[in-house]
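File shown: run.csv (CSV, C-alpha atoms).
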```csv
chain,number,residue,atom,x,y,z
A,72,MET,CA,0.0,0.0,0.0
A,73,PHE,CA,2.9,2.4,0.7
A,74,GLY,CA,4.4,1.7,-2.7
A,75,ALA,CA,1.1,2.2,-4.5
A,76,ASN,CA,0.4,5.5,-2.8
A,77,ALA,CA,4.0,6.7,-3.4
A,78,LEU,CA,3.4,6.1,-7.1
A,79,TRP,CA,0.1,7.9,-7.0
A,80,GLY,CA,1.7,10.7,-5.1
A,81,LEU,CA,3.7,11.6,-8.1
A,82,MET,CA,0.7,11.4,-10.4
A,83,ALA,CA,-1.0,14.8,-9.7
A,84,PRO,CA,2.1,17.0,-10.7
A,85,VAL,CA,2.8,14.7,-13.7
A,86,VAL,CA,-0.7,14.8,-14.9
A,87,LYS,CA,-0.7,18.6,-14.5
A,88,ILE,CA,2.4,18.9,-16.6
A,89,VAL,CA,0.9,16.7,-19.4
A,90,LEU,CA,-2.4,18.6,-19.4
A,91,ALA,CA,-0.6,22.0,-19.4
A,92,GLY,CA,0.8,21.2,-22.8
A,93,GLY,CA,-2.7,21.7,-24.3
A,94,VAL,CA,-2.5,18.6,-26.6
A,95,VAL,CA,-3.8,15.9,-24.2
A,96,THR,CA,-7.2,16.5,-22.5
A,97,SER,CA,-8.2,15.1,-19.2
A,98,LEU,CA,-10.5,12.6,-21.0
A,99,MET,CA,-7.5,11.4,-23.2
A,100,MET,CA,-5.3,11.1,-20.1
A,101,THR,CA,-7.9,8.8,-18.5
A,102,ASN,CA,-8.1,6.8,-21.7
A,103,PHE,CA,-4.3,6.4,-21.7
A,104,ARG,CA,-4.4,5.0,-18.2
A,105,ILE,CA,-7.3,2.6,-18.7
A,106,LEU,CA,-6.5,1.3,-22.2
A,107,GLY,CA,-2.8,1.1,-21.5
A,108,ALA,CA,-3.3,-0.8,-18.3
A,109,ALA,CA,-5.8,-3.1,-19.9
A,110,VAL,CA,-3.2,-4.0,-22.6
A,111,LEU,CA,-0.4,-4.5,-20.0
A,112,PHE,CA,-2.6,-6.8,-17.8
A,113,TRP,CA,-3.7,-8.9,-20.7
A,114,VAL,CA,0.0,-9.3,-21.8
A,115,ALA,CA,0.9,-10.2,-18.2
A,116,SER,CA,-2.0,-12.7,-18.0
A,117,ALA,CA,-0.4,-14.7,-20.9
A,118,PHE,CA,2.4,-15.7,-18.6
A,119,MET,CA,0.1,-16.6,-15.7
A,120,ARG,CA,-2.0,-19.6,-14.9
A,121,LYS,CA,-5.4,-19.4,-16.5
A,122,GLU,CA,-8.4,-18.7,-14.2
A,123,HIS,CA,-12.0,-19.3,-15.1
A,124,VAL,CA,-14.3,-16.5,-14.2
A,125,PRO,CA,-18.1,-17.3,-14.3
A,126,PRO,CA,-20.5,-14.8,-15.8
A,127,MET,CA,-21.9,-13.7,-12.5
A,128,ASP,CA,-18.4,-12.8,-11.2
A,129,LEU,CA,-17.7,-11.0,-14.5
A,130,LEU,CA,-20.8,-8.9,-13.8
A,131,ARG,CA,-19.4,-8.1,-10.4
A,132,LEU,CA,-16.1,-7.2,-11.9
A,133,ALA,CA,-17.8,-4.8,-14.3
A,134,GLY,CA,-19.4,-3.1,-11.3
A,135,ALA,CA,-16.0,-2.9,-9.5
A,136,ALA,CA,-14.5,-1.4,-12.7
A,137,MET,CA,-17.1,1.4,-12.7
A,138,LEU,CA,-16.4,2.3,-9.0
A,139,GLY,CA,-12.7,1.5,-8.7
A,140,ILE,CA,-11.5,2.7,-12.1
A,141,VAL,CA,-13.9,4.6,-14.4
A,142,PHE,CA,-15.4,7.0,-11.8
A,143,ASN,CA,-12.3,7.1,-9.7
A,144,GLN,CA,-9.8,7.8,-12.4
A,145,GLY,CA,-12.0,9.8,-14.7
A,146,CYS,CA,-13.3,12.2,-12.0
A,147,TYR,CA,-9.8,12.5,-10.5
A,148,VAL,CA,-8.0,13.4,-13.7
A,149,ALA,CA,-10.8,15.7,-14.8
A,150,GLY,CA,-10.7,17.4,-11.4
A,151,VAL,CA,-7.0,17.9,-11.3
A,152,GLY,CA,-7.3,19.6,-14.7
A,153,LEU,CA,-9.7,22.1,-13.3
A,154,THR,CA,-8.2,22.8,-9.9
A,155,SER,CA,-4.7,23.0,-8.4
A,156,PRO,CA,-2.7,19.9,-7.4
A,157,GLY,CA,-2.6,21.3,-3.9
A,158,GLU,CA,-6.4,21.6,-3.6
A,159,ALA,CA,-6.8,18.2,-5.2
A,160,SER,CA,-4.4,16.8,-2.5
A,161,ILE,CA,-6.5,18.4,0.2
A,162,VAL,CA,-9.7,16.7,-1.0
A,163,THR,CA,-7.9,13.3,-1.3
A,164,THR,CA,-7.3,13.5,2.5
A,165,THR,CA,-11.1,12.8,3.0
A,166,MET,CA,-10.9,9.3,1.5
A,167,PRO,CA,-9.9,7.4,4.7
A,168,LEU,CA,-12.8,9.1,6.5
A,169,TRP,CA,-15.3,7.9,3.9
A,170,VAL,CA,-13.8,4.4,4.0
A,171,MET,CA,-14.1,4.2,7.8
A,172,VAL,CA,-17.8,5.3,7.7
A,173,LEU,CA,-18.7,3.0,4.8
A,174,ALA,CA,-16.8,0.0,6.4
A,175,ALA,CA,-18.8,0.5,9.6
A,176,LEU,CA,-22.1,0.7,7.7
A,177,ILE,CA,-21.5,-2.1,5.2
A,178,LEU,CA,-18.9,-4.4,6.8
A,179,LYS,CA,-19.8,-3.7,10.4
A,180,GLU,CA,-16.2,-2.8,11.0
A,181,PRO,CA,-16.1,-1.1,14.4
A,182,ILE,CA,-15.0,2.5,14.7
A,183,THR,CA,-12.6,2.5,17.6
A,184,MET,CA,-11.0,5.4,19.4
A,185,LYS,CA,-7.6,4.4,18.0
A,186,LYS,CA,-8.9,4.2,14.5
A,187,ALA,CA,-10.7,7.5,14.6
A,188,GLY,CA,-7.7,9.2,16.3
A,189,GLY,CA,-5.3,7.7,13.8
A,190,ILE,CA,-7.4,9.1,10.9
A,191,ALA,CA,-7.6,12.5,12.6
A,192,LEU,CA,-3.8,12.6,13.1
A,193,GLY,CA,-3.1,11.5,9.5
A,194,ALA,CA,-5.5,14.1,8.1
A,195,ALA,CA,-3.9,16.8,10.2
A,196,GLY,CA,-0.5,15.9,9.0
A,197,ALA,CA,-1.6,15.7,5.4
A,198,LEU,CA,-3.3,19.1,5.6
A,199,ILE,CA,-0.1,20.7,7.0
A,200,LEU,CA,1.9,19.3,4.2
A,201,VAL,CA,-0.5,20.3,1.5
A,202,LEU,CA,-1.3,23.8,2.8
A,203,SER,CA,2.4,24.6,3.2
A,204,GLY,CA,3.0,24.0,-0.5
A,205,ARG,CA,-0.1,25.7,-1.9
A,206,SER,CA,1.8,28.8,-3.0
A,207,VAL,CA,3.6,26.9,-5.7
A,208,SER,CA,0.5,25.1,-7.1
A,209,ALA,CA,-0.9,26.2,-10.4
A,210,ALA,CA,-4.6,27.0,-10.2
A,211,GLY,CA,-7.1,25.5,-12.6
A,212,GLY,CA,-10.0,27.0,-14.6
A,213,ASN,CA,-12.8,26.0,-12.3
A,214,PRO,CA,-11.5,25.1,-8.8
A,215,MET,CA,-14.9,24.4,-7.3
A,216,LEU,CA,-16.0,21.9,-10.0
A,217,GLY,CA,-12.5,20.4,-9.9
A,218,ASP,CA,-12.7,19.9,-6.2
A,219,LEU,CA,-16.1,18.3,-6.4
A,220,LEU,CA,-14.9,15.9,-9.1
A,221,VAL,CA,-11.9,14.9,-7.0
A,222,LEU,CA,-14.3,14.4,-4.0
A,223,THR,CA,-16.5,12.1,-6.2
A,224,ALA,CA,-13.4,10.1,-7.1
A,225,GLN,CA,-12.6,9.6,-3.4
A,226,LEU,CA,-16.2,8.5,-2.6
A,227,SER,CA,-16.2,6.1,-5.6
A,228,TYR,CA,-13.0,4.4,-4.5
A,229,ALA,CA,-14.2,4.2,-0.9
A,230,LEU,CA,-17.3,2.4,-2.1
A,231,TYR,CA,-15.2,0.0,-4.1
A,232,LEU,CA,-12.9,-0.8,-1.2
A,233,THR,CA,-15.9,-1.7,1.0
A,234,PHE,CA,-18.2,-3.4,-1.4
A,235,TYR,CA,-15.6,-5.6,-3.0
A,236,ARG,CA,-13.3,-6.3,0.0
A,237,ASN,CA,-14.2,-10.0,0.2
A,238,PHE,CA,-14.9,-10.7,-3.4
A,239,ILE,CA,-11.4,-9.8,-4.7
A,240,ARG,CA,-9.9,-12.7,-2.7
A,241,ARG,CA,-11.4,-15.2,-5.1
A,242,TYR,CA,-8.9,-14.5,-8.0
A,243,SER,CA,-5.3,-13.5,-8.6
A,244,VAL,CA,-4.4,-9.8,-9.0
A,245,VAL,CA,-3.7,-10.1,-12.7
A,246,THR,CA,-7.0,-11.8,-13.4
A,247,LEU,CA,-9.0,-9.2,-11.5
A,248,MET,CA,-7.2,-6.3,-13.1
A,249,LYS,CA,-7.3,-7.5,-16.7
A,250,TRP,CA,-11.1,-7.9,-16.5
A,251,MET,CA,-11.7,-4.7,-14.5
A,252,PHE,CA,-9.6,-2.6,-16.9
A,253,THR,CA,-11.2,-4.3,-19.9
A,254,PHE,CA,-14.7,-3.4,-18.7
A,255,ALA,CA,-13.5,0.1,-17.9
A,256,ALA,CA,-12.1,0.5,-21.4
A,257,ILE,CA,-15.3,-0.6,-22.9
A,258,ALA,CA,-17.2,1.9,-20.8
A,259,ILE,CA,-15.0,4.9,-21.6
A,260,LEU,CA,-14.0,4.3,-25.2
A,261,PRO,CA,-17.3,5.4,-26.9
A,262,PHE,CA,-16.9,8.9,-25.2
A,263,SER,CA,-13.4,9.4,-26.5
A,264,ILE,CA,-13.4,8.3,-30.2
A,265,LYS,CA,-13.8,11.9,-31.4
A,266,GLU,CA,-11.0,13.1,-29.2
A,267,TYR,CA,-8.7,10.4,-30.6
A,268,ALA,CA,-9.4,11.6,-34.1
A,269,SER,CA,-9.0,15.3,-33.3
A,270,THR,CA,-5.8,15.1,-31.1
A,271,ALA,CA,-2.7,16.6,-32.7
A,272,TRP,CA,-0.4,13.6,-31.8
A,273,HIS,CA,2.5,15.1,-33.7
A,274,ALA,CA,2.5,18.1,-31.3
A,275,LEU,CA,3.3,16.0,-28.2
A,276,SER,CA,6.6,16.8,-26.6
A,277,TRP,CA,8.9,14.2,-25.3
A,278,ALA,CA,8.2,15.4,-21.7
A,279,GLU,CA,4.5,14.9,-22.3
A,280,ILE,CA,5.0,11.5,-23.8
A,281,ALA,CA,7.2,10.5,-20.8
A,282,GLY,CA,4.6,11.8,-18.4
A,283,ALA,CA,1.8,9.9,-20.0
A,284,ALA,CA,4.0,6.7,-20.0
A,285,TYR,CA,4.7,7.1,-16.3
A,286,VAL,CA,1.0,7.5,-15.6
A,287,VAL,CA,0.1,4.3,-17.5
A,288,VAL,CA,3.0,2.1,-16.3
A,289,GLY,CA,3.8,3.5,-12.9
A,290,SER,CA,0.7,5.0,-11.3
A,291,THR,CA,-1.7,2.6,-13.0
A,292,PHE,CA,-0.2,-0.8,-13.9
A,293,LEU,CA,2.3,-1.1,-11.1
A,294,ALA,CA,0.3,0.8,-8.5
A,295,TYR,CA,-2.8,-1.3,-9.0
A,296,ILE,CA,-0.8,-4.5,-8.7
A,297,LEU,CA,0.5,-3.3,-5.3
A,298,VAL,CA,-2.8,-1.9,-4.1
A,299,MET,CA,-4.7,-5.1,-4.9
A,300,ILE,CA,-2.1,-7.1,-2.9
A,301,GLY,CA,-2.6,-4.7,0.0
A,302,GLN,CA,-6.4,-4.7,-0.3
A,303,LYS,CA,-6.4,-8.5,-0.1
A,304,ASN,CA,-4.4,-8.5,3.2
A,305,LEU,CA,-5.7,-5.4,5.0
A,306,ARG,CA,-9.0,-4.0,6.2
A,307,PRO,CA,-10.5,-1.2,4.1
A,308,THR,CA,-9.9,1.5,6.7
A,309,LEU,CA,-6.2,0.7,6.9
A,310,VAL,CA,-6.0,0.6,3.1
A,311,GLY,CA,-7.5,4.1,3.1
A,312,MET,CA,-5.0,5.4,5.7
A,313,TYR,CA,-2.1,4.9,3.3
A,314,ASN,CA,-3.7,7.6,1.1
A,315,TYR,CA,-1.9,10.0,3.4
A,316,VAL,CA,1.4,8.9,1.9
A,317,GLN,CA,0.7,10.8,-1.2
A,318,PRO,CA,1.2,14.4,0.1
A,319,ILE,CA,4.5,13.2,1.7
A,320,VAL,CA,5.7,12.0,-1.7
A,321,ALA,CA,4.6,15.3,-3.3
A,322,SER,CA,6.5,17.2,-0.7
A,323,LEU,CA,9.7,15.1,-1.1
A,324,VAL,CA,9.6,15.6,-4.9
A,325,GLY,CA,9.3,19.4,-4.3
A,326,VAL,CA,12.4,19.3,-2.1
A,327,CYS,CA,14.4,17.2,-4.5
A,328,LEU,CA,13.5,19.6,-7.4
A,329,GLY,CA,14.4,22.6,-5.3
A,330,LEU,CA,10.9,23.9,-5.4
A,331,ASP,CA,10.3,23.3,-1.7
A,332,ARG,CA,12.2,22.7,1.6
A,333,PHE,CA,11.7,20.8,4.8
A,334,THR,CA,10.6,22.9,7.7
A,335,PRO,CA,9.8,22.0,11.3
A,336,ALA,CA,6.1,22.1,10.4
A,337,LYS,CA,6.6,19.5,7.6
A,338,ILE,CA,8.7,17.3,9.9
A,339,LEU,CA,5.8,17.4,12.3
A,340,ALA,CA,3.3,16.6,9.5
A,341,VAL,CA,5.2,13.5,8.5
A,342,ALA,CA,5.4,12.4,12.1
A,343,LEU,CA,1.6,12.9,12.5
A,344,ILE,CA,0.9,10.9,9.3
A,345,PHE,CA,3.0,7.9,10.3
A,346,SER,CA,1.6,8.1,13.9
A,347,GLY,CA,-1.9,8.0,12.5
A,348,VAL,CA,-1.2,5.0,10.3
A,349,TRP,CA,0.4,3.2,13.3
A,350,LEU,CA,-2.7,3.9,15.5
A,351,VAL,CA,-5.1,2.5,12.9
A,352,THR,CA,-2.8,-0.5,12.4
A,353,ILE,CA,-2.9,-1.5,16.1
A,354,SER,CA,-6.6,-0.8,16.5
A,355,ARG,CA,-8.9,-3.6,17.6
A,356,ALA,CA,-10.4,-4.0,14.1
A,357,ALA,CA,-6.9,-4.3,12.5
A,358,ARG,CA,-5.8,-6.9,15.1
A,359,SER,CA,-8.8,-9.0,14.4
A,360,GLU,CA,-7.9,-9.4,10.8
A,361,ASN,CA,-7.3,-13.1,9.8
```

Write the structure described by the file as structure tokens, please.
Amino acid sequence: MFGANALWGLMAPVVKIVLAGGVVTSLMMTNFRILGAAVLFWVASAFMRKEHVPPMDLLRLAGAAMLGIVFNQGCYVAGVGLTSPGEASIVTTTMPLWVMVLAALILKEPITMKKAGGIALGAAGALILVLSGRSVSAAGGNPMLGDLLVLTAQLSYALYLTFYRNFIRRYSVVTLMKWMFTFAAIAILPFSIKEYASTAWHALSWAEIAGAAYVVVGSTFLAYILVMIGQKNLRPTLVGMYNYVQPIVASLVGVCLGLDRFTPAKILAVALIFSGVWLVTISRAARSEN
């Protein structure tokens, strides 16, 4: 889960760079992720043991694809294109809260004091990191709509984590992902055919091509392999807690590029985030796993 969220933490600034070129739209960026990952998972499945998936389970995987990929990725990429990466990161800090509430309602996972306190600590640390870096974030054309779309992405993924927590244990990661991304590609392709035809592919710079390649291979193909392994072995609330790793990664990238620096407040923020993850990990619900 840490590795997956580290890869996702790099995605917001990379997506912003690609979209800023004006050639690739947010819809096309989403298509790159979904179609590219579908191809990669089908190639990977050729080297794996074949698994039979009955029609009813395929239908369930289609629903998982809508929540965990289409609405999650589509709304997130579109939202980042309309708002600033900083504000998008702030909205993503709400996801563990939604997961905790939904897990309590759907899976009857208890809300313990340690779990609630851990989420509060993690959210406080993430907000400190994000707010301290907002001055270098480029604003989008419609921040309010962008923030709402990013929020929709978080709610959609929280629903996916809770609804499909037990189902995904039936199959291997590659089998699950190849079908989910296939259904997602089928759902989104009809809306993007015109954009494929009208995109000025020759105008893409090498930086934009490299950014799109990272989004497909790194923050989609590799990240989803890692997150599925984590999702199979951890409760939804703890899975959601690792979402707070993303602003840490964004801050570290800023420091490495000379765009940011570590301050006592940021050191405190990192300590709060890891303390929050630790509290949720040792909570009664987490200990009762397996």

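One finds atom CA of Ile239 of chain A at 24.0 Å from atom CA of Asn102 of chain A.
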
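Between Ala229 of chain A and the candidates A:Leu216, A:Ile140, A:Ala342, A:Ala194, the tightest atom-to-atom separation, counting only C-alpha atoms, involves A:Ile140.
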
From the options A:Ile257, A:Ala195, A:Ile105, A:Val244, which residue's atoms come nearest to Ser346 of chain A, counting all atoms listed in the file?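 For Ser346 of chain A, the nearest of the candidates is A:Ala195.
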
Write out as a PyMOL selection string the residues lying within 9 Å of Glu180 of chain A, counting all atoms listed in the file and excluding same-chain residues fewer than 5 positions away. chain A and resi 171-175+306+308+356

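Taking atom CA of Arg241 of chain A and atom CA of Gln302 of chain A as the two end points, the separation is 12.6 Å.
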
Measuring atom to atom with only C-alpha atoms, identify which of A:Arg236, A:Lys179, A:Arg104, A:Lys337 is nearest to Met299 of chain A.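 Looking at the shortest contact to Met299 of chain A, the residue is A:Arg236.
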
Let me make sure I understand: among A:Asp128, A:Phe238, A:Lys249, A:Leu192, which one has the smallest atom-to-atom distance to Ile344 of chain A if we use only C-alpha atoms?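 For Ile344 of chain A, the nearest of the given residues is A:Leu192.
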
Out of A:Val341, A:Leu247, A:Val316, A:Ala117, which residue has the shortest atom-to-atom distance to Trp79 of chain A when counting all atoms listed in the file?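 The shortest atom-to-atom distance to Trp79 of chain A comes from A:Val316.
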
For a test of reading the model, state the distance in Å between atom CA of Glu266 of chain A and atom CA of Val94 of chain A, rounded to one decimal.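 About the pair atom CA of Glu266 of chain A and atom CA of Val94 of chain A: they are 10.5 Å apart.
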
Of A:Ile300, A:Val85, A:Leu98, A:Val162, the one nearest to Gln144 of chain A when counting all atoms listed in the file is A:Leu98

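Taking only C-alpha atoms, the non-local environment of Leu138 of chain A within 7 Å (same-chain residues fewer than 2 positions away omitted) comprises A:Gly134, A:Ala135, A:Ala136, A:Ile140, A:Val141, A:Phe142, A:Asn143, A:Ser227, A:Tyr228, A:Leu230, A:Tyr231.
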
Put those residues in a file: C-alpha atoms, as an mmCIF file, in the frame of the given file.
```cif
data_model
loop_
_atom_site.group_PDB
_atom_site.id
_atom_site.type_symbol
_atom_site.label_atom_id
_atom_site.label_comp_id
_atom_site.auth_asym_id
_atom_site.auth_seq_id
_atom_site.Cartn_x
_atom_site.Cartn_y
_atom_site.Cartn_z
ATOM 1 C CA GLY A 134 -19.400 -3.100 -11.300
ATOM 2 C CA ALA A 135 -16.000 -2.900 -9.500
ATOM 3 C CA ALA A 136 -14.500 -1.400 -12.700
ATOM 4 C CA ILE A 140 -11.500 2.700 -12.100
ATOM 5 C CA VAL A 141 -13.900 4.600 -14.400
ATOM 6 C CA PHE A 142 -15.400 7.000 -11.800
ATOM 7 C CA ASN A 143 -12.300 7.100 -9.700
ATOM 8 C CA SER A 227 -16.200 6.100 -5.600
ATOM 9 C CA TYR A 228 -13.000 4.400 -4.500
ATOM 10 C CA LEU A 230 -17.300 2.400 -2.100
ATOM 11 C CA TYR A 231 -15.200 0.000 -4.100
#
```

All residues 10 Å or closer to segment 277-288 of chain A, all atoms listed in the file, same chain fewer than 2 positions away omitted, as a PyMOL selection string: chain A and resi 78-79+81-92+94-95+99-109+111+272+274-275+290-295
